[in-house]
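In what follows, a single structure is set out as structure tokens and then discussed.
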Amino acid sequence: MEKVQVEVQYKILWSKKKTESVEIVKGSTVADLLQYISFKENLEHLLMVYNGKIVFPHDTITENGQLVLISALIGG
Amino acid sequence: MLDKVIRVDMAGLTVKEEQLAEAYQRLSGRSLSSRIVFDEIPPYAEPLGPHNKLIVTCGLFAGSMVSSSGRLSIGAKSPLTGGIKESNAGGISAHKMGRLDIRAIVVEGIREDDKWFMLVINKDKAYLEEAGYLINKGTYEKAQLLYNKYGKKIGLALVGPAGEKRLLTAGITNNDPDGAPSRYNGRGGLGAVMGSKHLLAIVLDDAGCRVKGPVRKEEFKEKVKEFHQNLLSTPQTAEIFPKYGTAAMLNVTNSLGALPTRNFSTGRFQGAENINAERLYETIKSRGGEGSTTHSCMPGCIIRCSNVYPDRDGKTLVSPLEYETICLLGSNLDIDDLDAVAKMNYLCNDYGVDTIEVGCAIGVAMEGGVIPFGDGKEAHELMEEVVADTHLGRIIASGSVITGKVFGVRRVPSVKGQGMPGYEPRGLKGTAVTYATSPMGADHTAGNTPRANVKHHLKEGQVAVSRNAQLGVTLVDALGLCMMVGPGLPDRAILADLINARFGWNLTLEDLEKICRDTLNLEKEFNSKAGFTKAHDRLPEHFYEEENPATGTVFDLYEEDLSELVY
């Protein structure tokens, strides 16, 4: 099965982890990836951005790239 | 409780105390300021002329122990947009109004002589006092002179030299608990309206005042506890903003491709890591001295998202240094240096101008070739021209649209005459819908959407999320609450519970939501009577035609899409 490389960046301000690189099956969903990396944070308070565009758990990953996990905020 | 109105006529130099009208009993904050604007100001009034009024209001929880409830709303017809305006700010002024039992201050008339005044309100009376000795002084010196005269505990709302000169970027600033006059009702040029009335300051002296207790005391205490517990169990309000402040937004917008960069030409900034929340936090921590990573701008706030930014010697450079300023005077100008941003921020505060509008204007000037992008030293010198009131400085201080016209720049990031805040419209389309449709013009505080469950760079769902955000923020604005409480409100019905316990009323959440819809609709109606049409509910042309390189998208919501947005 064809695989893709994903760099996961943790921009969650309380996270100790900063980045990790993983290889997953092409066509996996974002939810699959989160399960693979044992990510257990509440998604309600997070934004997920893949290659610069926002993604949801059901979106599929079909190319190498970077997933940014970031605290969802409002205000400023 | 909270049922007094102070009415000031600057032409006749009279001050009267009135009872709050029956029709206004349930209104406060934005809902009250906009209602009085609608009821009392002719829509065709010249904003700097005798028929415009300045309306200052606090919220229904002002003076109480409810966290984040001390926003001061100021309304008028805006000289910047030509439409209705409400701009709110933190600080201690609204809290003082609450303690003085005052719901609104209405300032009428203008002066065209050389006499300048301040309005002083204490527990016994409200009166005008000559204030010519304050003219031409920066806001920090003005505040100090007023502390010397009335003591350090007063609340202040005042204008700087920009307001005196009736410049379109002029704001009205309020003091914080430490005495810094740096909490701005910044948007819409309301400082120019105050300046046109020759009113330099409002002094709120609550010495000897006793706040009337809640009608249902125990119930109020219980509800306040629940409200605070919600704030303390939500990551944004409990952990992120108290530690990093609003600058935490920068990683979000930069990741989404929605961080305005180089005059809004793109949404991702190469130098973001030099100006983001972590860098801000580390800089403040490492410099120590007077610096503080967390600070509350109003009494009793448990979010504490403000800060004190020190220089290399630990002396205060500016307080606060916030996301919008870091963006508009930083990434938008291609400047990745927090010290450079902080120094410009201080000049803006002292001169009395809105950092968002000035940041937009400098970005436009950079696009016009006046100074290069990325040059913090030249940007600072341009700000010094603003303060020195040179011709070039006056152009910048007249806002982004005028700067664009003078320098022949067509890419001006503004809607209804007002410069865009720190959210790039092609990368964050829900907020862009708010820019286009809000009666306030381009204003993130009118309905910001980065937390919404949509793909922010795509068209789908953006009208609905903007509508929800506009209604949601109108609710907190209408109660004098800070919009930062939004994520910590799992059930908004608690707001009705708090009001009912304090005032002995029987409002429902539906009642409050109706007040919000009515407020938005009458704001729209005011603008309509002032000459606004659907043609004004648009972004500048280039956002429809040129892609944001960070997202590869244009803004693609048109009149037929936006017409679905009704309150």
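Scheme for the structure tokens: letters A, B, ... for chains in order shown; per-chain residue numbers from 1; ligand numbers from 1 in order shown.
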
Residue hits in chain B, query chain A, radius 10 Å, only C-alpha atoms, as a PyMOL selection string
chain B and resi 234-237+239-241+243-257+268+277-278+305+322-325+327+421-423+427+444-445+447-458+482-487+550-552

Residues near stretch 285-302 of chain B, anyone? I mean within 8 Å using only C-alpha atoms, not counting same-chain ones fewer than 3 positions away, as a PyMOL selection string.
chain B and resi 65-70+90-92+95+176-177+183+228+231+242-245+281-282+305-316

Skip B:Glu545 itself and residues of its chain fewer than 2 positions away, then list as a PDB file with C-alpha atoms, in the first residue's frame all residues within 9 Å of it, counting only C-alpha atoms.
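Below is the file that was written, selection08.pdb:
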ATOM      1  CA  GLU B 541     -12.447  44.776  -5.527  1.00  0.00           C
ATOM      2  CA  HIS B 542      -9.005  43.183  -5.450  1.00  0.00           C
ATOM      3  CA  PHE B 543     -10.011  40.677  -2.764  1.00  0.00           C
ATOM      4  CA  GLU B 547      -5.687  35.113  -4.626  1.00  0.00           C
ATOM      5  CA  VAL B 554     -10.252  34.756  -3.474  1.00  0.00           C
ATOM      6  CA  PHE B 555     -13.213  36.182  -1.599  1.00  0.00           C
ATOM      7  CA  ASP B 556     -16.192  34.721  -3.434  1.00  0.00           C
TER       8      ASP B 556
END

Could you name the residues that touch B:Val193 at 8 Å or less, counting only C-alpha atoms, but leaving out those on the same chain fewer than 2 positions away, as a ChimeraX atom specification?
/B:47-48,52-54,76,78-79,163,166,189-191,195-197

Using only N, CA and C atoms, please write the residues we just selected to a file, as a PDB file, in the first residue's frame.
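Saved the output as result05.pdb:
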ATOM      1  N   PRO B  47     -20.818  64.225  11.128  1.00  0.00           N
ATOM      2  CA  PRO B  47     -20.274  63.589  12.341  1.00  0.00           C
ATOM      3  C   PRO B  47     -19.529  64.544  13.275  1.00  0.00           C
ATOM      4  N   LEU B  48     -18.909  65.577  12.724  1.00  0.00           N
ATOM      5  CA  LEU B  48     -18.192  66.514  13.583  1.00  0.00           C
ATOM      6  C   LEU B  48     -19.013  67.782  13.834  1.00  0.00           C
ATOM      7  N   ASN B  52     -24.475  65.721  15.964  1.00  0.00           N
ATOM      8  CA  ASN B  52     -23.983  64.413  16.412  1.00  0.00           C
ATOM      9  C   ASN B  52     -23.829  64.435  17.935  1.00  0.00           C
ATOM     10  N   LYS B  53     -23.961  63.295  18.535  1.00  0.00           N
ATOM     11  CA  LYS B  53     -23.815  63.190  19.992  1.00  0.00           C
ATOM     12  C   LYS B  53     -22.844  62.056  20.311  1.00  0.00           C
ATOM     13  N   LEU B  54     -22.242  62.159  21.458  1.00  0.00           N
ATOM     14  CA  LEU B  54     -21.368  61.092  21.934  1.00  0.00           C
ATOM     15  C   LEU B  54     -22.097  60.398  23.088  1.00  0.00           C
ATOM     16  N   ALA B  76     -21.752  56.838  18.460  1.00  0.00           N
ATOM     17  CA  ALA B  76     -21.962  58.127  17.781  1.00  0.00           C
ATOM     18  C   ALA B  76     -22.129  57.817  16.303  1.00  0.00           C
ATOM     19  N   SER B  78     -20.168  57.887  13.087  1.00  0.00           N
ATOM     20  CA  SER B  78     -18.714  57.850  12.926  1.00  0.00           C
ATOM     21  C   SER B  78     -18.227  58.789  11.823  1.00  0.00           C
ATOM     22  N   PRO B  79     -17.215  59.593  12.116  1.00  0.00           N
ATOM     23  CA  PRO B  79     -16.625  60.407  11.055  1.00  0.00           C
ATOM     24  C   PRO B  79     -15.795  59.568  10.079  1.00  0.00           C
ATOM     25  N   GLY B 163      -7.488  63.555  18.924  1.00  0.00           N
ATOM     26  CA  GLY B 163      -8.907  63.873  19.111  1.00  0.00           C
ATOM     27  C   GLY B 163      -9.138  65.370  19.070  1.00  0.00           C
ATOM     28  N   ARG B 166      -9.371  66.500  15.713  1.00  0.00           N
ATOM     29  CA  ARG B 166     -10.495  65.864  15.023  1.00  0.00           C
ATOM     30  C   ARG B 166     -10.017  64.977  13.860  1.00  0.00           C
ATOM     31  N   GLY B 189     -13.063  56.530  14.786  1.00  0.00           N
ATOM     32  CA  GLY B 189     -12.772  57.960  14.902  1.00  0.00           C
ATOM     33  C   GLY B 189     -13.607  58.675  15.948  1.00  0.00           C
ATOM     34  N   LEU B 190     -14.030  57.929  16.989  1.00  0.00           N
ATOM     35  CA  LEU B 190     -14.901  58.556  17.991  1.00  0.00           C
ATOM     36  C   LEU B 190     -14.179  59.626  18.811  1.00  0.00           C
ATOM     37  N   GLY B 191     -12.841  59.546  18.868  1.00  0.00           N
ATOM     38  CA  GLY B 191     -12.083  60.597  19.544  1.00  0.00           C
ATOM     39  C   GLY B 191     -12.256  61.946  18.855  1.00  0.00           C
ATOM     40  N   GLY B 195     -13.504  65.353  20.432  1.00  0.00           N
ATOM     41  CA  GLY B 195     -12.727  66.577  20.215  1.00  0.00           C
ATOM     42  C   GLY B 195     -13.566  67.697  19.635  1.00  0.00           C
ATOM     43  N   SER B 196     -14.493  67.355  18.756  1.00  0.00           N
ATOM     44  CA  SER B 196     -15.336  68.392  18.135  1.00  0.00           C
ATOM     45  C   SER B 196     -16.202  69.089  19.189  1.00  0.00           C
ATOM     46  N   LYS B 197     -16.383  68.426  20.296  1.00  0.00           N
ATOM     47  CA  LYS B 197     -17.197  68.998  21.377  1.00  0.00           C
ATOM     48  C   LYS B 197     -16.339  69.755  22.394  1.00  0.00           C
TER      49      LYS B 197
END

Tell me which protein, DNA and RNA residues are within 10 Å of A:Pro57, counting only C-alpha atoms, leaving out same-chain ones fewer than 3 positions away, and put them as number ranges by chain.
A: 29-34, 43, 48, 60

Just the strand (DSSP E or B) stuff from stretch 25-113 of chain B, please, per backbone DSSP, written as a PyMOL selection string.
chain B and resi 54-57+72-77+84-89+102-108

For stretch 10-21 of chain B, work out the shell of residues within 7 Å, counting only C-alpha atoms and skipping chain neighbours fewer than 6 positions away, then give it as a list of chain:residue names.
B:Asp3, B:Lys4, B:Glu108, B:Gly109, B:Ile110, B:Arg111, B:Ala126, B:Tyr127, B:Lys197

Near stretch 135-150 of chain B, counting only C-alpha atoms, which residues have an atom at most 10 Å away, once you skip same-chain residues fewer than 3 positions from it, shown as a PyMOL selection string?
chain B and resi 115-117+120+131-132+153-165+172-175+179-182+198+200-201+203-205+346-352+387

Interatomic distance (Å, one decimal) between atom CA of B:Glu381 and atom CA of B:Tyr133
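Atom CA of B:Tyr133 lies 28.1 Å from atom CA of B:Glu381.
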
Could you tell me which of A:Leu67, A:Ile61, A:Phe39, A:Ser28 comes closest to A:Val8 if we count only C-alpha atoms?
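Checking each of A:Leu67, A:Ile61, A:Phe39, A:Ser28 against A:Val8, counting only C-alpha atoms, the winner is A:Leu67.
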